[in-house]
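Undergrad: coords.cif (mmCIF, C-alpha atoms) pasted underneath:
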```cif
data_final
loop_
_atom_site.group_PDB
_atom_site.id
_atom_site.type_symbol
_atom_site.label_atom_id
_atom_site.label_comp_id
_atom_site.auth_asym_id
_atom_site.auth_seq_id
_atom_site.Cartn_x
_atom_site.Cartn_y
_atom_site.Cartn_z
ATOM 1 C CA MET A 1 26.815 10.742 65.903
ATOM 2 C CA ALA A 2 27.457 8.719 62.824
ATOM 3 C CA THR A 3 25.044 8.720 59.928
ATOM 4 C CA THR A 4 24.195 5.506 58.287
ATOM 5 C CA LEU A 5 23.939 5.266 54.579
ATOM 6 C CA ALA A 6 21.458 3.135 52.830
ATOM 7 C CA THR A 7 22.873 0.185 50.998
ATOM 8 C CA VAL A 8 23.832 0.805 47.400
ATOM 9 C CA GLU A 9 21.069 -1.490 46.189
ATOM 10 C CA ALA A 10 18.458 0.580 48.031
ATOM 11 C CA ARG A 11 19.607 3.887 46.570
ATOM 12 C CA GLU A 12 17.803 5.095 43.486
ATOM 13 C CA VAL A 13 19.798 7.128 40.975
ATOM 14 C CA LEU A 14 17.784 9.741 39.081
ATOM 15 C CA ARG A 15 18.444 12.488 36.574
ATOM 16 C CA CYS A 16 16.684 15.789 37.102
ATOM 17 C CA GLU A 17 14.558 16.617 34.064
ATOM 18 C CA HIS A 18 15.196 20.344 34.581
ATOM 19 C CA CYS A 19 18.889 20.734 35.310
ATOM 20 C CA SER A 20 20.106 17.243 34.283
ATOM 21 C CA LEU A 21 21.901 16.641 37.581
ATOM 22 C CA VAL A 22 22.406 12.945 38.259
ATOM 23 C CA GLN A 23 21.818 12.228 41.948
ATOM 24 C CA PHE A 24 20.435 9.826 44.521
ATOM 25 C CA ARG A 25 16.787 10.243 45.413
ATOM 26 C CA THR A 26 16.377 12.573 48.346
ATOM 27 C CA THR A 27 13.847 12.087 51.124
ATOM 28 C CA ASN A 28 11.658 14.934 49.794
ATOM 29 C CA SER A 29 12.168 13.892 46.106
ATOM 30 C CA LEU A 30 13.417 17.373 45.169
ATOM 31 C CA CYS A 31 16.543 18.079 43.131
ATOM 32 C CA ARG A 32 19.555 19.124 45.174
ATOM 33 C CA ARG A 33 20.479 21.848 42.664
ATOM 34 C CA CYS A 34 17.245 23.381 41.324
ATOM 35 C CA HIS A 35 14.846 22.161 44.037
ATOM 36 C CA LYS A 36 12.260 20.985 41.509
ATOM 37 C CA PRO A 37 10.489 17.625 41.742
ATOM 38 C CA LEU A 38 12.604 14.708 40.524
ATOM 39 C CA GLU A 39 9.673 12.667 39.331
ATOM 40 C CA VAL A 40 7.670 13.699 36.364
ATOM 41 C CA ASP A 41 4.202 12.257 36.308
ATOM 42 C CA GLU A 42 4.178 9.832 33.452
ATOM 43 C CA PRO A 43 0.914 9.534 31.582
ATOM 44 C CA GLU A 44 -0.920 6.268 31.897
ATOM 45 C CA PRO A 45 0.035 3.969 29.051
ATOM 46 C CA GLN A 46 -2.836 3.730 26.637
ATOM 47 C CA THR A 47 -3.876 0.372 25.396
ATOM 48 C CA PRO A 48 -3.806 0.162 21.619
ATOM 49 C CA HIS A 49 -7.143 -0.247 19.941
ATOM 50 C CA LEU A 50 -7.265 -2.691 17.098
ATOM 51 C CA VAL A 51 -9.007 -1.445 14.009
ATOM 52 C CA VAL A 52 -10.056 -4.344 11.896
ATOM 53 C CA ALA A 53 -11.141 -3.701 8.347
ATOM 54 C CA SER A 54 -14.246 -5.527 7.354
ATOM 55 C CA PRO A 55 -13.465 -8.414 5.016
ATOM 56 C CA ALA A 56 -15.997 -7.180 2.479
ATOM 57 C CA VAL A 57 -14.152 -3.918 1.813
ATOM 58 C CA THR A 58 -10.392 -3.864 1.502
ATOM 59 C CA PRO A 59 -8.259 -1.076 0.007
ATOM 60 C CA GLN A 60 -7.650 -3.256 -3.046
ATOM 61 C CA ASP A 61 -11.402 -3.407 -3.698
ATOM 62 C CA ASP A 62 -11.920 0.349 -3.619
ATOM 63 C CA ILE A 63 -12.671 2.328 -6.727
ATOM 64 C CA ASP A 64 -9.320 3.458 -8.083
ATOM 65 C CA VAL A 65 -9.877 6.230 -10.620
ATOM 66 C CA ALA A 66 -6.161 7.054 -10.698
ATOM 67 C CA ARG A 67 -5.159 3.545 -11.728
ATOM 68 C CA ALA A 68 -7.994 3.270 -14.239
ATOM 69 C CA VAL A 69 -7.055 6.557 -15.932
ATOM 70 C CA ARG A 70 -3.373 5.580 -16.143
ATOM 71 C CA GLU A 71 -4.081 2.084 -17.482
ATOM 72 C CA ILE A 72 -6.571 3.245 -20.100
ATOM 73 C CA ARG A 73 -4.355 6.146 -21.195
ATOM 74 C CA GLN A 74 -1.336 3.840 -21.552
ATOM 75 C CA SER A 75 -3.349 1.180 -23.383
ATOM 76 C CA ARG A 76 -4.388 3.873 -25.865
ATOM 77 C CA GLY A 77 -0.734 4.851 -26.328
ATOM 78 C CA MET A 78 -1.371 8.402 -25.153
ATOM 79 C CA SER A 79 0.911 10.621 -23.126
ATOM 80 C CA GLN A 80 -0.318 12.743 -20.253
ATOM 81 C CA ARG A 81 0.256 15.794 -22.430
ATOM 82 C CA GLN A 82 -1.945 14.398 -25.217
ATOM 83 C CA LEU A 83 -4.729 13.552 -22.783
ATOM 84 C CA ALA A 84 -4.484 17.000 -21.203
ATOM 85 C CA GLY A 85 -4.706 18.546 -24.670
ATOM 86 C CA ARG A 86 -7.877 16.586 -25.434
ATOM 87 C CA MET A 87 -9.394 17.668 -22.139
ATOM 88 C CA GLN A 88 -8.054 21.232 -22.410
ATOM 89 C CA VAL A 89 -6.490 21.115 -18.939
ATOM 90 C CA PRO A 90 -2.875 21.432 -17.754
ATOM 91 C CA ARG A 91 -0.751 18.268 -17.925
ATOM 92 C CA THR A 92 -0.088 18.558 -14.206
ATOM 93 C CA TYR A 93 -3.802 18.013 -13.535
ATOM 94 C CA ILE A 94 -3.625 14.645 -15.322
ATOM 95 C CA SER A 95 -0.505 13.781 -13.328
ATOM 96 C CA LYS A 96 -2.256 14.660 -10.065
ATOM 97 C CA ILE A 97 -5.243 12.495 -10.986
ATOM 98 C CA GLU A 98 -3.024 9.529 -11.893
ATOM 99 C CA ASN A 99 -1.009 9.867 -8.674
ATOM 100 C CA GLY A 100 -4.152 10.091 -6.536
ATOM 101 C CA LYS A 101 -3.430 13.651 -5.409
ATOM 102 C CA ALA A 102 -6.546 15.046 -7.087
ATOM 103 C CA MET A 103 -9.989 13.519 -7.453
ATOM 104 C CA PRO A 104 -11.741 14.613 -10.638
ATOM 105 C CA THR A 105 -15.198 16.136 -10.401
ATOM 106 C CA LEU A 106 -18.126 14.555 -12.214
ATOM 107 C CA SER A 107 -17.740 16.935 -15.139
ATOM 108 C CA SER A 108 -13.997 16.153 -15.282
ATOM 109 C CA LEU A 109 -14.797 12.426 -15.235
ATOM 110 C CA GLU A 110 -17.096 12.927 -18.216
ATOM 111 C CA ARG A 111 -14.389 14.866 -20.065
ATOM 112 C CA LEU A 112 -11.797 12.213 -19.151
ATOM 113 C CA ALA A 113 -14.040 9.442 -20.449
ATOM 114 C CA LEU A 114 -14.695 11.367 -23.663
ATOM 115 C CA ALA A 115 -10.970 12.062 -24.164
ATOM 116 C CA LEU A 116 -10.096 8.402 -23.487
ATOM 117 C CA GLN A 117 -13.004 7.203 -25.650
ATOM 118 C CA VAL A 118 -14.481 5.035 -22.886
ATOM 119 C CA ASP A 119 -17.628 5.024 -20.816
ATOM 120 C CA VAL A 120 -17.516 6.803 -17.440
ATOM 121 C CA CYS A 121 -18.221 3.412 -15.831
ATOM 122 C CA ALA A 122 -14.814 2.200 -17.051
ATOM 123 C CA LEU A 123 -13.178 4.845 -14.847
ATOM 124 C CA LEU A 124 -15.290 3.976 -11.807
ATOM 125 C CA ARG A 125 -14.946 0.203 -11.698
ATOM 126 C CA ASP A 126 -13.605 -1.342 -8.527
ATOM 127 C CA ALA A 127 -10.817 -3.918 -8.448
ATOM 128 C CA ARG A 128 -13.217 -6.857 -8.293
ATOM 129 C CA SER A 129 -15.049 -5.853 -11.469
ATOM 130 C CA ARG A 130 -11.731 -5.115 -13.239
ATOM 131 C CA ARG A 131 -10.484 -8.616 -12.345
ATOM 132 C CA GLN A 132 -13.758 -10.089 -13.594
ATOM 133 C CA ALA A 133 -13.438 -8.213 -16.888
ATOM 134 C CA GLU A 134 -9.820 -9.407 -17.282
ATOM 135 C CA THR A 135 -10.866 -12.990 -16.554
ATOM 136 C CA ASN A 136 -13.673 -12.760 -19.103
ATOM 137 C CA ALA A 137 -11.224 -11.405 -21.690
ATOM 138 C CA ILE A 138 -8.825 -14.302 -21.054
ATOM 139 C CA PHE A 139 -11.546 -16.943 -21.301
ATOM 140 C CA SER A 140 -12.929 -15.403 -24.474
ATOM 141 C CA ASP A 141 -9.929 -16.991 -26.238
ATOM 142 C CA PRO A 142 -11.173 -20.441 -27.371
ATOM 143 C CA PHE A 143 -7.812 -22.155 -26.799
ATOM 144 C CA LEU A 144 -7.486 -20.882 -23.213
ATOM 145 C CA ALA A 145 -11.114 -21.749 -22.488
ATOM 146 C CA GLU A 146 -10.461 -25.330 -23.677
ATOM 147 C CA ILE A 147 -7.307 -25.661 -21.549
ATOM 148 C CA SER A 148 -9.014 -24.236 -18.457
ATOM 149 C CA ALA A 149 -11.620 -27.015 -18.615
ATOM 150 C CA LEU A 150 -8.858 -29.669 -18.556
ATOM 151 C CA ILE A 151 -6.642 -28.239 -15.794
ATOM 152 C CA PRO A 152 -8.758 -29.547 -12.852
ATOM 153 C CA ARG A 153 -8.140 -33.123 -14.098
ATOM 154 C CA LEU A 154 -4.355 -32.790 -13.716
ATOM 155 C CA ASP A 155 -2.541 -33.877 -10.569
ATOM 156 C CA ALA A 156 -0.008 -31.601 -8.836
ATOM 157 C CA PHE A 157 2.995 -32.925 -10.779
ATOM 158 C CA GLN A 158 1.231 -32.562 -14.140
ATOM 159 C CA LYS A 159 0.119 -29.014 -13.267
ATOM 160 C CA SER A 160 3.691 -28.142 -12.347
ATOM 161 C CA MET A 161 5.041 -29.559 -15.613
ATOM 162 C CA PHE A 162 2.347 -27.765 -17.612
ATOM 163 C CA LEU A 163 3.062 -24.399 -15.935
ATOM 164 C CA ASN A 164 6.804 -24.799 -16.509
ATOM 165 C CA GLN A 165 6.195 -25.439 -20.206
ATOM 166 C CA VAL A 166 3.948 -22.379 -20.442
ATOM 167 C CA ARG A 167 6.553 -20.233 -18.672
ATOM 168 C CA GLU A 168 9.276 -21.390 -21.061
ATOM 169 C CA MET A 169 7.070 -20.692 -24.057
ATOM 170 C CA ALA A 170 6.140 -17.255 -22.698
ATOM 171 C CA SER A 171 9.778 -16.331 -22.112
ATOM 172 C CA GLY A 172 10.786 -17.491 -25.603
ATOM 173 C CA ARG A 173 13.212 -20.207 -24.445
ATOM 174 C CA ARG A 174 11.488 -22.951 -26.380
ATOM 175 C CA ARG A 175 11.612 -21.081 -29.659
ATOM 176 C CA SER A 176 15.298 -20.247 -29.316
ATOM 177 C CA GLN A 177 16.142 -23.894 -28.512
ATOM 178 C CA ALA A 178 14.032 -25.158 -31.427
ATOM 179 C CA ALA A 179 15.756 -22.758 -33.844
ATOM 180 C CA SER A 180 19.213 -24.062 -32.839
#
```
Let me see whether you can do it: turn the structure in this file into structure tokens.
TA:
Amino acid sequence: MATTLATVEAREVLRCEHCSLVQFRTTNSLCRRCHKPLEVDEPEPQTPHLVVASPAVTPQDDIDVARAVREIRQSRGMSQRQLAGRMQVPRTYISKIENGKAMPTLSSLERLALALQVDVCALLRDARSRRQAETNAIFSDPFLAEISALIPRLDAFQKSMFLNQVREMASGRRRSQAAS
């Protein structure tokens, strides 16, 4: 009696997860070599859950003690070693604070503020209040305050020309051309 083979398209080729034998699926779905099941139950695919951050709080708006300490220390022209000496702590502790690997305690924050000659609040400001303070500092200059009142009256082309002139002046191109 002749046996009939299934068409090639109907045959399913599988690899045994246990012995790695590549074979056609058998009627009992067991491996021909190791006699273990050919199919491994695959876990149900999980649907991803979207986590949406609330628009009111973004990572940029968080309190960033590390950044504040670094910026204030650098603006004072101090090294990490000098700051550590003022606080009487190892320099590596200052480095860990500035890199966000250590969060200073309240007493350390007080000592940091004293060593940096600032108020503790300066170390605990969030990004929004830092931006507001920077904006206030910029507009405290009378010339910039006067210009800022006139900018809304300019059209797009005039704003573009004005910004290009400011960029050239800031980069020093205008002065070098005028000196020639």
Undergrad: Determine, counting only C-alpha atoms, which protein, DNA and RNA residues have an atom within 12 Å of an atom of Val22 (chain A); residues of the same chain fewer than 3 positions away are not included. Present the result as a VMD selection string.
TA: chain A and resid 12 to 19 25 to 26 31 to 33 38
Undergrad: Going by the chain IDs and residue numbers used in this file, which residues fall under the PyMOL selection byres ((chain A and resi 114-119) around 8)? Write them as a list of chain:residue names.
TA: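 When the PyMOL selection byres ((chain A and resi 114-119) around 8) is applied, the selected residues are A:Ile72, A:Arg73, A:Arg76, A:Leu83, A:Arg86, A:Met87, A:Glu110, A:Arg111, A:Leu112, A:Ala113, A:Val120, A:Cys121, A:Ala122, A:Leu123.
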Undergrad: Step by step, work through what the PyMOL selection byres ((chain A and resi 81) around 9) selects in the shown file, and finish by giving those residues as a list in words.
TA: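 After applying the PyMOL selection byres ((chain A and resi 81) around 9), what remains is Met78, Ser79, Gln80, Gln82, Leu83, Ala84, Gly85, Arg86, Pro90, Arg91, Thr92 and Ile94 of chain A.
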Undergrad: At a cut-off of 8 Å, using only C-alpha atoms, what residues contact region 96-105 of chain A? Leave out same-chain residues fewer than 4 positions from it and give the result as a PyMOL selection string.
TA: chain A and resi 65-67+69-70+92+109
Undergrad: To one decimal place, how far is CA of Ala156 (chain A) from CA of Thr135 (chain A) in Å?
TA: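 Between these atoms lies a distance of 22.9 Å.
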Undergrad: In Å, how far is it from CA of Asn164 (chain A) to CA of Leu150 (chain A)?
TA: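 Computed distance, CA of Asn164 (chain A) to CA of Leu150 (chain A), equals 16.5 Å.
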Undergrad: Build an axis-aligned box that encloses every atom of region 23-34 of chain A listed in the file, pad it by 8 Å on each side, and report its centre and edge lengths in Å to one decimal, as AutoDock Vina command-line options.
TA:
```
--center_x 16.7 --center_y 16.6 --center_z 46.2 --size_x 26.2 --size_y 29.6 --size_z 25.8
```
Undergrad: Could you check how far CA of Ala68 (chain A) sits from CA of Arg125 (chain A), in Å to one decimal?
TA: 8.0 Å
Undergrad: Missing atoms in region 97-108 of chain A: can you complete it with all heavy atoms, as a CSV table (one decimal), keeping the file's coordinate frame?
TA:
```csv
chain,number,residue,atom,x,y,z
A,97,ILE,N,-4.2,13.5,-11.0
A,97,ILE,CA,-5.2,12.5,-11.0
A,97,ILE,C,-4.6,11.1,-11.0
A,97,ILE,O,-5.0,10.2,-10.2
A,97,ILE,CB,-6.2,12.7,-12.2
A,97,ILE,CG1,-7.0,13.9,-12.1
A,97,ILE,CG2,-7.1,11.4,-12.4
A,97,ILE,CD1,-7.8,14.3,-13.3
A,98,GLU,N,-3.6,10.9,-11.8
A,98,GLU,CA,-3.0,9.5,-11.9
A,98,GLU,C,-2.2,9.2,-10.6
A,98,GLU,O,-2.1,8.0,-10.3
A,98,GLU,CB,-2.1,9.4,-13.1
A,98,GLU,CG,-2.9,9.4,-14.4
A,98,GLU,CD,-2.0,9.2,-15.6
A,98,GLU,OE1,-0.8,9.1,-15.5
A,98,GLU,OE2,-2.6,9.1,-16.7
A,99,ASN,N,-1.8,10.1,-9.9
A,99,ASN,CA,-1.0,9.9,-8.7
A,99,ASN,C,-1.9,9.9,-7.4
A,99,ASN,O,-1.4,9.8,-6.3
A,99,ASN,CB,0.1,10.9,-8.5
A,99,ASN,CG,1.2,10.6,-9.5
A,99,ASN,OD1,1.6,9.5,-9.8
A,99,ASN,ND2,1.8,11.7,-10.1
A,100,GLY,N,-3.2,10.1,-7.6
A,100,GLY,CA,-4.2,10.1,-6.5
A,100,GLY,C,-4.1,11.3,-5.7
A,100,GLY,O,-4.6,11.4,-4.6
A,101,LYS,N,-3.5,12.4,-6.2
A,101,LYS,CA,-3.4,13.7,-5.4
A,101,LYS,C,-4.6,14.6,-5.7
A,101,LYS,O,-4.8,15.5,-5.0
A,101,LYS,CB,-2.1,14.4,-5.7
A,101,LYS,CG,-0.9,13.6,-5.2
A,101,LYS,CD,0.4,14.3,-5.5
A,101,LYS,CE,1.5,13.4,-4.9
A,101,LYS,NZ,2.8,14.0,-5.3
A,102,ALA,N,-5.3,14.3,-6.7
A,102,ALA,CA,-6.5,15.0,-7.1
A,102,ALA,C,-7.6,14.1,-7.5
A,102,ALA,O,-7.4,13.1,-8.2
A,102,ALA,CB,-6.2,16.0,-8.2
A,103,MET,N,-8.8,14.3,-7.1
A,103,MET,CA,-10.0,13.5,-7.5
A,103,MET,C,-10.8,14.3,-8.4
A,103,MET,O,-11.2,15.4,-8.1
A,103,MET,CB,-10.8,13.2,-6.2
A,103,MET,CG,-12.0,12.3,-6.6
A,103,MET,SD,-11.7,10.8,-7.4
A,103,MET,CE,-11.1,9.8,-6.1
A,104,PRO,N,-11.0,13.8,-9.6
A,104,PRO,CA,-11.7,14.6,-10.6
A,104,PRO,C,-13.2,14.8,-10.2
A,104,PRO,O,-13.8,13.9,-9.6
A,104,PRO,CB,-11.6,13.8,-11.9
A,104,PRO,CG,-11.2,12.4,-11.5
A,104,PRO,CD,-10.5,12.6,-10.2
A,105,THR,N,-13.8,15.9,-10.6
A,105,THR,CA,-15.2,16.1,-10.4
A,105,THR,C,-16.0,15.3,-11.4
A,105,THR,O,-15.4,14.7,-12.3
A,105,THR,CB,-15.5,17.6,-10.6
A,105,THR,OG1,-15.2,18.0,-11.9
A,105,THR,CG2,-14.7,18.5,-9.6
A,106,LEU,N,-17.3,15.3,-11.3
A,106,LEU,CA,-18.1,14.6,-12.2
A,106,LEU,C,-18.0,15.1,-13.6
A,106,LEU,O,-17.9,14.3,-14.6
A,106,LEU,CB,-19.6,14.6,-11.8
A,106,LEU,CG,-19.9,13.8,-10.6
A,106,LEU,CD1,-21.4,14.0,-10.2
A,106,LEU,CD2,-19.7,12.3,-10.8
A,107,SER,N,-17.9,16.4,-13.8
A,107,SER,CA,-17.7,16.9,-15.1
A,107,SER,C,-16.4,16.6,-15.7
A,107,SER,O,-16.2,16.3,-16.9
A,107,SER,CB,-17.9,18.5,-15.1
A,107,SER,OG,-17.0,19.1,-14.3
A,108,SER,N,-15.3,16.6,-14.8
A,108,SER,CA,-14.0,16.2,-15.3
A,108,SER,C,-14.0,14.7,-15.6
A,108,SER,O,-13.3,14.3,-16.6
A,108,SER,CB,-13.0,16.4,-14.2
A,108,SER,OG,-12.8,17.8,-14.0
```
